[in-house]
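Undergrad: See work28.cif below, with mmCIF, C-alpha atoms and all ligand atoms.
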```cif
data_protein
loop_
_atom_site.label_atom_id
_atom_site.label_comp_id
_atom_site.auth_asym_id
_atom_site.auth_seq_id
_atom_site.Cartn_x
_atom_site.Cartn_y
_atom_site.Cartn_z
CA MET A 35 109.46 97.33 -58.25
CA LEU A 36 110.92 94.75 -60.60
CA THR A 37 112.76 91.93 -58.84
CA GLU A 38 115.69 90.46 -60.77
CA ILE A 39 117.39 87.14 -60.12
CA LEU A 40 121.02 87.22 -61.27
CA PRO A 41 123.97 84.83 -61.06
CA ILE A 42 126.87 86.09 -58.95
CA ASN A 43 129.47 87.83 -61.11
CA GLU A 44 131.25 91.18 -61.43
CA ASN A 45 128.15 92.74 -62.94
CA SER A 46 125.65 91.65 -60.27
CA LEU A 47 128.15 92.42 -57.49
CA ARG A 48 128.53 95.97 -58.80
CA LEU A 49 124.75 96.35 -58.91
CA SER A 50 124.49 94.92 -55.37
CA LYS A 51 126.96 97.48 -54.10
CA GLU A 52 125.00 100.32 -55.68
CA ILE A 53 121.80 99.09 -54.05
CA ILE A 54 123.40 98.63 -50.63
CA LEU A 55 125.13 102.04 -50.71
CA ARG A 56 121.87 103.78 -51.50
CA GLY A 57 120.20 102.12 -48.52
CA GLY A 58 118.49 99.18 -50.26
CA ALA A 59 118.47 95.46 -49.55
CA VAL A 60 119.81 92.54 -51.61
CA ALA A 61 118.99 88.85 -51.15
CA ILE A 62 122.09 86.67 -50.94
CA PRO A 63 122.75 82.95 -50.70
CA THR A 64 124.55 81.54 -47.66
CA GLU A 65 125.42 77.97 -46.71
CA THR A 66 122.38 77.86 -44.38
CA VAL A 67 119.46 79.81 -45.93
CA TYR A 68 119.13 82.93 -48.12
CA GLY A 69 119.56 86.25 -46.31
CA LEU A 70 118.21 89.73 -46.99
CA GLY A 71 121.23 91.99 -46.58
CA ALA A 72 121.43 95.71 -45.85
CA ASN A 73 124.16 98.05 -44.60
CA ALA A 74 124.40 97.51 -40.82
CA LEU A 75 125.71 101.06 -40.39
CA ASP A 76 122.61 102.60 -42.02
CA GLY A 77 119.59 102.78 -39.71
CA GLY A 78 117.18 103.61 -42.53
CA ALA A 79 118.29 100.62 -44.59
CA VAL A 80 117.94 98.28 -41.61
CA LYS A 81 114.48 99.63 -40.80
CA ARG A 82 113.40 98.92 -44.37
CA VAL A 83 114.49 95.28 -44.00
CA PHE A 84 112.12 94.92 -41.03
CA GLU A 85 109.33 96.49 -43.11
CA ILE A 86 109.94 94.31 -46.17
CA LYS A 87 109.74 91.13 -44.05
CA GLY A 88 106.99 92.31 -41.75
CA ARG A 89 109.34 91.42 -38.91
CA PRO A 90 108.53 92.42 -35.29
CA ASN A 91 110.80 95.31 -34.37
CA ASP A 92 112.19 93.68 -31.24
CA ASN A 93 113.78 90.70 -33.02
CA PRO A 94 117.42 91.61 -33.74
CA LEU A 95 119.39 90.88 -36.91
CA ILE A 96 122.68 89.07 -37.42
CA VAL A 97 125.61 91.07 -38.80
CA HIS A 98 127.46 89.28 -41.61
CA VAL A 99 131.10 89.98 -42.44
CA HIS A 100 133.68 88.52 -44.82
CA LYS A 101 136.42 86.33 -43.45
CA GLU A 102 139.15 89.00 -43.43
CA TYR A 103 136.93 91.60 -41.78
CA ASP A 104 138.28 92.86 -38.45
CA ILE A 105 135.36 92.70 -35.98
CA SER A 106 137.27 94.47 -33.20
CA GLY A 107 135.55 97.70 -34.34
CA LEU A 108 132.12 96.13 -33.76
CA VAL A 109 132.46 94.18 -30.52
CA SER A 110 133.88 95.25 -27.22
CA TYR A 111 135.05 91.99 -25.66
CA ILE A 112 135.85 88.52 -27.00
CA PRO A 113 136.41 85.82 -24.35
CA GLN A 114 139.22 83.29 -24.89
CA TYR A 115 136.82 80.42 -25.56
CA ALA A 116 135.08 82.52 -28.23
CA LYS A 117 138.40 83.16 -29.98
CA ARG A 118 138.92 79.39 -30.19
CA LEU A 119 135.35 78.86 -31.44
CA ALA A 120 135.67 81.56 -34.09
CA GLU A 121 138.95 80.06 -35.22
CA ARG A 122 137.34 76.63 -35.56
CA PHE A 123 133.81 77.40 -36.86
CA GLN A 124 133.97 80.73 -38.70
CA PRO A 125 133.53 80.93 -41.64
CA GLY A 126 130.60 78.55 -41.13
CA PRO A 127 127.10 78.24 -39.68
CA LEU A 128 127.92 79.62 -36.21
CA THR A 129 126.68 83.07 -35.15
CA MET A 130 128.38 84.53 -32.08
CA VAL A 131 126.76 87.13 -29.82
CA TYR A 132 129.16 89.62 -28.17
CA LYS A 133 128.90 92.86 -26.23
CA SER A 134 128.53 95.59 -28.84
CA LYS A 135 130.82 98.59 -29.25
CA GLY A 136 127.85 100.50 -30.60
CA ALA A 137 129.34 100.81 -34.10
CA VAL A 138 126.43 99.14 -35.92
CA CYS A 139 123.23 101.16 -35.85
CA PRO A 140 120.87 100.50 -32.89
CA GLU A 141 118.14 99.16 -35.24
CA VAL A 142 120.25 96.03 -35.90
CA SER A 143 120.15 94.75 -32.32
CA CYS A 144 116.82 96.40 -31.48
CA GLY A 145 118.39 98.34 -28.63
CA LEU A 146 120.18 95.38 -27.00
CA ASP A 147 123.76 96.03 -25.90
CA THR A 148 124.97 93.00 -27.85
CA VAL A 149 125.63 92.24 -31.50
CA ALA A 150 125.43 88.90 -33.32
CA VAL A 151 128.25 88.23 -35.79
CA ARG A 152 128.34 85.61 -38.52
CA VAL A 153 130.94 84.81 -41.19
CA PRO A 154 129.14 82.73 -43.82
CA SER A 155 131.26 80.17 -45.67
CA HIS A 156 129.23 80.22 -48.92
CA ALA A 157 131.53 81.42 -51.74
CA GLY A 158 128.80 83.70 -53.13
CA ALA A 159 128.17 85.29 -49.72
CA GLN A 160 131.90 85.80 -49.24
CA ALA A 161 132.22 87.40 -52.69
CA PHE A 162 129.32 89.76 -51.92
CA LEU A 163 130.62 90.70 -48.46
CA LYS A 164 134.18 91.20 -49.71
CA TYR A 165 133.00 93.34 -52.63
CA ILE A 166 130.89 95.58 -50.41
CA ASP A 167 133.35 95.49 -47.48
CA LEU A 168 130.78 96.66 -44.94
CA PRO A 169 129.07 94.83 -42.08
CA ILE A 170 125.78 93.55 -43.53
CA ALA A 171 122.71 92.97 -41.37
CA ALA A 172 120.75 90.06 -42.83
CA PRO A 173 117.76 88.12 -41.55
CA SER A 174 116.52 85.15 -43.54
CA ALA A 175 115.01 86.39 -46.83
CA ASN A 176 111.45 85.19 -46.20
CA LEU A 177 108.33 87.00 -45.10
CA SER A 178 108.21 86.97 -41.30
CA LYS A 179 106.80 83.69 -39.89
CA HIS A 180 107.07 81.87 -43.23
CA VAL A 181 109.45 78.98 -44.01
CA SER A 182 113.03 80.21 -44.60
CA PRO A 183 114.16 80.22 -48.25
CA VAL A 184 116.83 77.83 -49.52
CA THR A 185 116.66 78.74 -53.22
CA ALA A 186 116.50 82.02 -55.15
CA GLU A 187 113.00 80.97 -56.30
CA HIS A 188 111.85 80.69 -52.67
CA VAL A 189 113.03 84.25 -52.05
CA PHE A 190 111.25 85.40 -55.22
CA ALA A 191 108.01 83.73 -54.09
CA ASP A 192 108.06 85.77 -50.84
CA LEU A 193 109.67 89.06 -51.86
CA ASN A 194 108.82 89.59 -55.54
CA GLY A 195 108.13 93.30 -56.08
CA LYS A 196 109.57 94.24 -52.68
CA ILE A 197 113.31 94.09 -53.44
CA GLU A 198 115.38 94.85 -56.55
CA LEU A 199 117.84 91.98 -56.61
CA ILE A 200 118.27 88.35 -55.64
CA LEU A 201 121.75 86.91 -56.09
CA ASP A 202 121.35 83.29 -57.14
CA GLY A 203 123.83 80.91 -55.55
CA GLY A 204 121.84 77.70 -56.06
CA LYS A 205 120.27 75.60 -53.31
CA CYS A 206 121.70 76.20 -49.83
CA SER A 207 123.55 73.10 -48.67
CA GLY A 208 123.02 73.47 -44.91
CA GLY A 209 119.29 74.04 -45.02
CA ILE A 210 118.62 75.33 -41.50
CA GLU A 211 119.78 78.62 -39.97
CA SER A 212 123.06 79.06 -38.14
CA THR A 213 123.53 78.13 -34.51
CA VAL A 214 123.23 81.33 -32.43
CA LEU A 215 125.64 81.28 -29.49
CA ASP A 216 125.72 83.79 -26.66
CA CYS A 217 129.39 84.50 -25.94
CA THR A 218 128.87 87.21 -23.33
CA GLY A 219 129.09 84.88 -20.32
CA GLU A 220 131.74 82.60 -18.87
CA ILE A 221 130.22 79.60 -20.60
CA PRO A 222 128.85 79.80 -24.16
CA ALA A 223 125.06 79.38 -24.33
CA ILE A 224 123.11 78.19 -27.36
CA LEU A 225 120.23 80.57 -28.14
CA ARG A 226 119.21 78.78 -31.34
CA SER A 227 120.38 75.29 -32.31
CA GLY A 228 121.79 74.60 -35.74
CA LEU A 229 124.43 72.72 -37.69
CA VAL A 230 127.22 73.53 -35.25
CA THR A 231 126.04 71.38 -32.38
CA ARG A 232 126.35 71.70 -28.63
CA GLU A 233 128.77 68.75 -28.63
CA MET A 234 131.00 70.40 -31.25
CA ILE A 235 131.03 73.66 -29.28
CA ALA A 236 131.72 71.98 -25.94
CA GLU A 237 134.66 70.11 -27.43
CA VAL A 238 136.39 73.38 -28.35
CA ALA A 239 135.14 75.66 -25.55
CA GLY A 240 135.30 73.10 -22.72
CA ASP A 241 131.59 73.51 -21.96
CA CYS A 242 128.36 74.70 -23.56
CA ILE A 243 124.85 75.15 -22.21
CA GLU A 244 121.48 75.31 -23.88
CA TYR A 245 119.81 78.57 -22.89
CA VAL A 246 116.31 78.09 -21.53
CA PRO A 247 114.60 81.31 -20.45
CA ALA A 248 113.51 81.20 -16.80
CA GLU A 249 109.86 81.94 -16.03
CA GLY A 250 109.26 85.68 -16.41
CA GLU A 251 112.81 86.40 -17.61
CA ARG A 252 113.28 88.80 -20.52
CA VAL A 253 114.32 86.42 -23.33
CA ARG A 254 117.92 86.83 -24.41
CA SER A 255 117.16 85.92 -28.01
CA PRO A 256 113.89 87.63 -28.86
CA GLY A 257 113.43 85.44 -31.95
CA MET A 258 112.60 82.55 -29.61
CA LYS A 259 109.20 83.92 -28.67
CA TYR A 260 107.77 84.23 -32.19
CA SER A 261 106.12 81.61 -34.35
CA HIS A 262 108.35 80.70 -37.27
CA TYR A 263 108.87 78.58 -40.33
CA CYS A 264 105.15 78.05 -40.97
CA PRO A 265 104.08 76.66 -44.34
CA ASN A 266 100.93 78.13 -45.92
CA CYS A 267 98.92 74.98 -45.31
CA ALA A 268 97.91 72.92 -42.29
CA SER A 269 100.96 71.24 -40.73
CA VAL A 270 101.03 68.81 -37.84
CA LEU A 271 103.78 66.93 -36.05
CA PHE A 272 103.55 63.43 -34.58
CA ASP A 273 106.07 61.58 -32.43
CA GLY A 274 105.26 58.18 -33.91
CA LYS A 275 104.49 56.96 -37.38
CA GLU A 276 101.40 54.94 -36.38
CA GLU A 277 99.55 58.08 -35.26
CA ALA A 278 100.77 59.93 -38.33
CA VAL A 279 99.43 57.26 -40.66
CA ARG A 280 96.12 57.19 -38.78
CA TYR A 281 95.82 60.96 -39.26
CA TYR A 282 96.77 60.59 -42.95
CA ASN A 283 94.01 58.02 -43.42
CA GLU A 284 91.49 60.29 -41.69
CA CYS A 285 92.50 63.06 -44.12
CA GLU A 286 92.02 60.66 -47.03
CA LYS A 287 88.49 59.87 -45.86
CA LYS A 288 87.68 63.59 -45.62
CA GLY A 289 89.12 64.26 -49.07
CA VAL A 290 92.00 66.31 -47.63
CA LYS A 291 95.16 65.88 -49.69
CA ALA A 292 97.84 65.13 -47.11
CA PHE A 293 101.55 64.31 -47.40
CA ILE A 294 103.65 62.56 -44.76
CA MET A 295 107.04 64.18 -44.19
CA CYS A 296 109.69 61.86 -42.75
CA ASP A 297 113.19 60.46 -43.20
CA ASP A 298 114.04 57.93 -45.85
CA GLU A 299 114.19 54.98 -43.45
CA THR A 300 110.66 55.66 -42.18
CA ALA A 301 109.41 56.39 -45.72
CA LYS A 302 110.41 52.87 -46.81
CA THR A 303 108.14 51.33 -44.17
CA LEU A 304 105.06 53.43 -44.99
CA ASN A 305 102.21 52.22 -47.11
CA VAL A 306 100.89 55.64 -48.15
CA GLU A 307 100.74 57.32 -51.52
CA ARG A 308 102.08 60.79 -50.79
CA ILE A 309 105.39 61.31 -48.99
CA LEU A 310 107.80 64.23 -48.61
CA ASN A 311 111.04 62.31 -48.16
CA LEU A 312 113.69 64.27 -46.24
CA GLY A 313 116.51 61.88 -47.11
CA ALA A 314 118.68 59.44 -45.21
CA THR A 315 121.53 61.18 -43.39
CA GLU A 316 121.23 63.89 -40.74
CA ASN A 317 122.83 66.44 -43.05
CA GLU A 318 120.43 65.54 -45.85
CA ILE A 319 117.45 65.85 -43.54
CA ALA A 320 118.51 69.34 -42.39
CA SER A 321 119.32 70.35 -45.93
CA ASN A 322 115.92 69.25 -47.25
CA LEU A 323 113.69 70.38 -44.37
CA TYR A 324 112.65 73.85 -45.64
CA PHE A 325 112.82 72.74 -49.26
CA LYS A 326 110.27 70.00 -48.53
CA LEU A 327 108.09 72.26 -46.37
CA ARG A 328 107.93 74.68 -49.31
CA GLU A 329 107.27 71.82 -51.75
CA GLY A 330 104.59 70.57 -49.37
CA GLU A 331 102.74 73.87 -49.18
CA GLU A 332 102.59 73.89 -53.00
CA LYS A 333 101.16 70.40 -53.28
CA ALA A 334 99.43 69.54 -50.04
CA GLN A 335 96.45 70.66 -48.02
CA ALA A 336 98.11 69.18 -44.95
CA ILE A 337 101.69 68.24 -44.11
CA ILE A 338 101.97 65.47 -41.53
CA ALA A 339 105.51 65.43 -40.13
CA ILE A 340 106.97 62.55 -38.13
CA ALA A 341 109.54 63.56 -35.50
CA PRO A 342 113.00 62.03 -35.99
CA ARG A 343 113.83 59.32 -33.45
CA ASN A 344 117.24 60.77 -32.70
CA GLN A 345 116.87 64.35 -31.49
CA SER A 346 120.43 65.22 -30.51
CA GLY A 347 123.26 66.85 -32.48
CA ILE A 348 122.06 68.32 -35.79
CA MET A 349 118.66 66.75 -35.24
CA ALA A 350 118.12 69.04 -32.23
CA GLY A 351 118.09 71.91 -34.74
CA VAL A 352 115.77 70.03 -37.09
CA MET A 353 113.40 69.18 -34.24
CA ASN A 354 113.36 72.80 -33.03
CA ARG A 355 112.29 73.97 -36.53
CA LEU A 356 109.69 71.21 -36.88
CA GLU A 357 108.11 72.09 -33.54
CA ARG A 358 107.72 75.69 -34.67
CA ALA A 359 106.57 74.88 -38.20
CA CYS A 360 103.97 72.31 -37.18
CA LYS A 361 101.25 71.96 -34.59
CA LYS A 362 102.30 69.29 -32.09
CA GLN A 363 99.68 66.53 -31.82
O1 LIG B 1 121.83 81.15 -40.91
C1 LIG B 1 121.44 82.24 -40.50
O2 LIG B 1 121.69 82.67 -39.36
C2 LIG B 1 120.60 83.11 -41.47
C3 LIG B 1 121.47 83.50 -42.64
C4 LIG B 1 120.82 84.47 -43.58
O3 LIG B 1 122.70 83.99 -42.19
N1 LIG B 1 120.07 84.25 -40.80
C5 LIG B 1 119.04 84.16 -39.91
O4 LIG B 1 118.59 85.38 -39.46
O5 LIG B 1 118.56 83.11 -39.58
P1 LIG B 1 117.21 85.56 -38.67
O6 LIG B 1 117.05 87.02 -38.58
O7 LIG B 1 116.16 84.81 -39.35
O8 LIG B 1 117.49 85.02 -37.24
C6 LIG B 1 118.36 85.72 -36.37
C7 LIG B 1 118.33 85.12 -34.99
C8 LIG B 1 117.03 85.46 -34.26
O9 LIG B 1 116.61 84.33 -33.51
C9 LIG B 1 117.49 86.60 -33.34
O10 LIG B 1 116.69 86.72 -32.18
C10 LIG B 1 118.92 86.20 -33.02
O11 LIG B 1 119.40 85.63 -34.23
N2 LIG B 1 119.75 87.36 -32.67
C11 LIG B 1 120.23 88.32 -33.48
N3 LIG B 1 120.93 89.24 -32.79
C12 LIG B 1 120.92 88.85 -31.50
C13 LIG B 1 121.47 89.39 -30.29
N4 LIG B 1 122.16 90.51 -30.27
N5 LIG B 1 121.24 88.69 -29.15
C14 LIG B 1 120.54 87.55 -29.15
N6 LIG B 1 119.99 86.99 -30.26
C15 LIG B 1 120.18 87.64 -31.42
MG MG B 2 114.42 83.92 -39.91
#
```
Taking this structure as input, can you express it in the form of structure tokens?
Ligand code: TXA
Ligand code: MG
TA:
Amino acid sequence: MLTEILPINENSLRLSKEIILRGGAVAIPTETVYGLGANALDGGAVKRVFEIKGRPNDNPLIVHVHKEYDISGLVSYIPQYAKRLAERFQPGPLTMVYKSKGAVCPEVSCGLDTVAVRVPSHAGAQAFLKYIDLPIAAPSANLSKHVSPVTAEHVFADLNGKIELILDGGKCSGGIESTVLDCTGEIPAILRSGLVTREMIAEVAGDCIEYVPAEGERVRSPGMKYSHYCPNCASVLFDGKEEAVRYYNECEKKGVKAFIMCDDETAKTLNVERILNLGATENEIASNLYFKLREGEEKAQAIIAIAPRNQSGIMAGVMNRLERACKKQ
């Protein structure tokens, strides 16, 4: 199959619609990462998305809708706090999990009685969703376990020959996936951290907890149990820069081409030749994380990441991805 990359316009939107209506999948940009979208009402189409990615079939997908879409046909109950959160953070990088009405096909939520809903703010994603006017199930458009894609070229590198069309909306600004929030209980619970932080949610909802599965409990967000975001080269994570530099120097001695990945402030203090600089602000760091992991796997035999000092707010999301992408030392 030939994989085309097209800019988003009337022509490519029409082609997208044709593909989606015949049960295919289209890669689309969002403000977080690229997604691989298929009709959430078509079980066969959703199954194919799992196959294309090599995704375990118990890890549910997020349903994406445009901002005028009425989700009351998809979800059975929306608590008051969730209405306020949706009002404040959707469109945007917040995915909300509700009790499902059973309208989307069971393959989307892998048999769970809930459904995750996201309204992306990216203009290209909105244009696509509005044009199709269907709920679209979309995981990140990478091969399962690999680093999520933040450019059309990243999607192409993973899915060339497996899908017909990638809509090119440039580099994703957010850079890490949406916050996934369980809104089925009395208090909202974060299942996956992201750019909408616990503090931001608590301010609107009154309270917010971080879900930690109890020993032996069936995990509420199955994605949590799988390895994720792994570059195709060795990758290690250190808490402090001294240990990281020591490891870098050991690599040098062995002839292993290593790069240190860290924020701009740390980069300025390092006396090493090869650095993957994530940038200065928290938003820059999140935005560059996957981009630099992908750049790293192209250039390096080993990526040596240094954990950010501050690990709250947005950096909680960054740290969560780093811990999954790299082997903790
Ligand atoms: O930013 C994003 O969320 C991106 C873009 C494309 O929108 N999508 C994304 O999808 O990251 P994916 O499939 O890579 O991750 C979906 C996450 C998984 O951790 C999954 O377990 C969780 O959402 N999830 C989906 N439906 C769920 C449900 N009904 N209950 C609990 N967790 C759910
Ligand atoms: Mg993913």
Undergrad: If the limit is 8 Å from any atom of ligand MG 2 (chain B), counting only C-alpha atoms and all ligand atoms, which residues qualify? Return them as a PyMOL selection string.
TA: chain A and resi 173-176+178-179+182+211+262-263
Undergrad: Residues of chain A that have any atom at most 8 Å from an atom of ligand LIG 1 (chain B): could you tabulate them with the shortest-distance atom pair and the distance in Å to one decimal, using only C-alpha atoms and all ligand atoms, ordered by chain and increasing number, as CSV?
TA:
```
residue,atom,partner,partner_atom,distance
A:Ile62,CA,B:LIG1,C4,7.8
A:Pro63,CA,B:LIG1,C4,7.5
A:Thr64,CA,B:LIG1,C3,6.2
A:Glu65,CA,B:LIG1,O1,7.5
A:Thr66,CA,B:LIG1,O1,4.8
A:Val67,CA,B:LIG1,C3,5.3
A:Tyr68,CA,B:LIG1,C4,5.1
A:Gly69,CA,B:LIG1,C4,3.5
A:Leu70,CA,B:LIG1,C4,6.8
A:Asn93,CA,B:LIG1,O10,5.0
A:Pro94,CA,B:LIG1,C11,4.3
A:Leu95,CA,B:LIG1,C11,4.4
A:Ile96,CA,B:LIG1,C11,4.7
A:Val97,CA,B:LIG1,N3,7.8
A:His98,CA,B:LIG1,O3,7.1
A:Pro127,CA,B:LIG1,O1,6.1
A:Leu128,CA,B:LIG1,O2,7.6
A:Thr129,CA,B:LIG1,O2,6.5
A:Val131,CA,B:LIG1,N4,5.7
A:Tyr132,CA,B:LIG1,N4,7.4
A:Val142,CA,B:LIG1,N3,7.5
A:Ser143,CA,B:LIG1,N4,5.1
A:Leu146,CA,B:LIG1,N4,6.2
A:Asp147,CA,B:LIG1,N4,7.2
A:Thr148,CA,B:LIG1,N4,4.5
A:Val149,CA,B:LIG1,N4,4.1
A:Ala150,CA,B:LIG1,N3,4.5
A:Val151,CA,B:LIG1,N3,8.0
A:Arg152,CA,B:LIG1,O3,6.9
A:Pro154,CA,B:LIG1,O3,6.8
A:Ala172,CA,B:LIG1,C4,5.6
A:Pro173,CA,B:LIG1,O6,3.2
A:Ser174,CA,B:LIG1,O7,4.2
A:Ala175,CA,B:LIG1,C4,6.9
A:Ser182,CA,B:LIG1,O7,7.6
A:Ile210,CA,B:LIG1,O1,6.7
A:Glu211,CA,B:LIG1,O1,3.4
A:Ser212,CA,B:LIG1,O1,3.7
A:Thr213,CA,B:LIG1,O2,6.9
A:Val214,CA,B:LIG1,O11,6.0
A:Asp216,CA,B:LIG1,C14,6.9
A:Leu225,CA,B:LIG1,N6,6.8
A:Arg226,CA,B:LIG1,O9,6.5
A:Arg254,CA,B:LIG1,C14,5.5
A:Ser255,CA,B:LIG1,N6,3.8
A:Pro256,CA,B:LIG1,O10,4.4
A:Gly257,CA,B:LIG1,O10,3.5
A:Met258,CA,B:LIG1,O9,5.9
```
Undergrad: Please define a box with edges along x, y and z of the file around all atoms of stretch 265-268 of chain A given in the file, extend it by 5 Å on each side, and return its centre and edge lengths in Å to one decimal, as lines of an AutoDock Vina configuration file.
TA:
```
center_x = 101.0
center_y = 75.5
center_z = -44.1
size_x = 16.2
size_y = 15.2
size_z = 13.6
```
Undergrad: What does the distance between atom CA of A:Gly78 and atom CA of A:Lys164 come to in Å, to one decimal place?
TA: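 Answer for the atom CA of A:Gly78 to atom CA of A:Lys164 separation: 22.2 Å.
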Undergrad: Using only C-alpha atoms, find the one residue out of A:Phe325, A:Arg343, A:Leu40, A:Ala74 that sits nearest to A:His188.
TA: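 Smallest distance to A:His188 is found for A:Phe325.
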Undergrad: Could you list, as a PyMOL selection string, every residue within 7 Å of stretch 285-290 of chain A, counting only C-alpha atoms and ignoring same-chain residues fewer than 3 positions away?
TA: chain A and resi 281-282+335
Undergrad: Can you work out the spacing between atom CA of A:Lys361 and atom CA of A:Asn266 in Å, to one decimal?
TA: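 Separating atom CA of A:Lys361 from atom CA of A:Asn266 is a distance of 12.9 Å.
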Undergrad: With distances taken over all atoms listed in the file, which of A:Glu316, A:Asp192, A:Asp167, A:Glu233 is nearest to A:Tyr103?
TA: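 Using all atoms listed in the file, A:Tyr103 sits closest to A:Asp167.
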Undergrad: For A:Glu44, list every protein, DNA or RNA residue within 12 Å, evaluated using all atoms listed in the file, and leave out those in the same chain fewer than 2 positions away; present the list as a list in words.
TA: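 Surrounding residues, per the criterion: Leu40, Pro41, Ile42, Ser46, Leu47, Arg48, Leu49, Ser50, Lys51, Gly158, Ala161, Phe162, Tyr165, Ile166 and Leu201 of chain A.
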Undergrad: Env of stretch 301-307 of chain A: 12 Å cut, atoms = all atoms listed in the file, seq-sep filter 2 positions within chain, self excluded. Answer as a PyMOL selection string.
TA: chain A and resi 275-276+278-283+285-286+291-299+309-314+338-340+342
Undergrad: Within 12 Å of A:Asp104, counting all atoms listed in the file, which residues qualify if same-chain residues fewer than 3 places away don't, as number ranges by chain?
TA: A: 98-101, 107-109, 151, 153, 167-169
Undergrad: Give me, please, the distance in Å between atom CA of A:Ile319 and atom CA of A:Ala350, quoted to one decimal.
TA: 11.8 Å
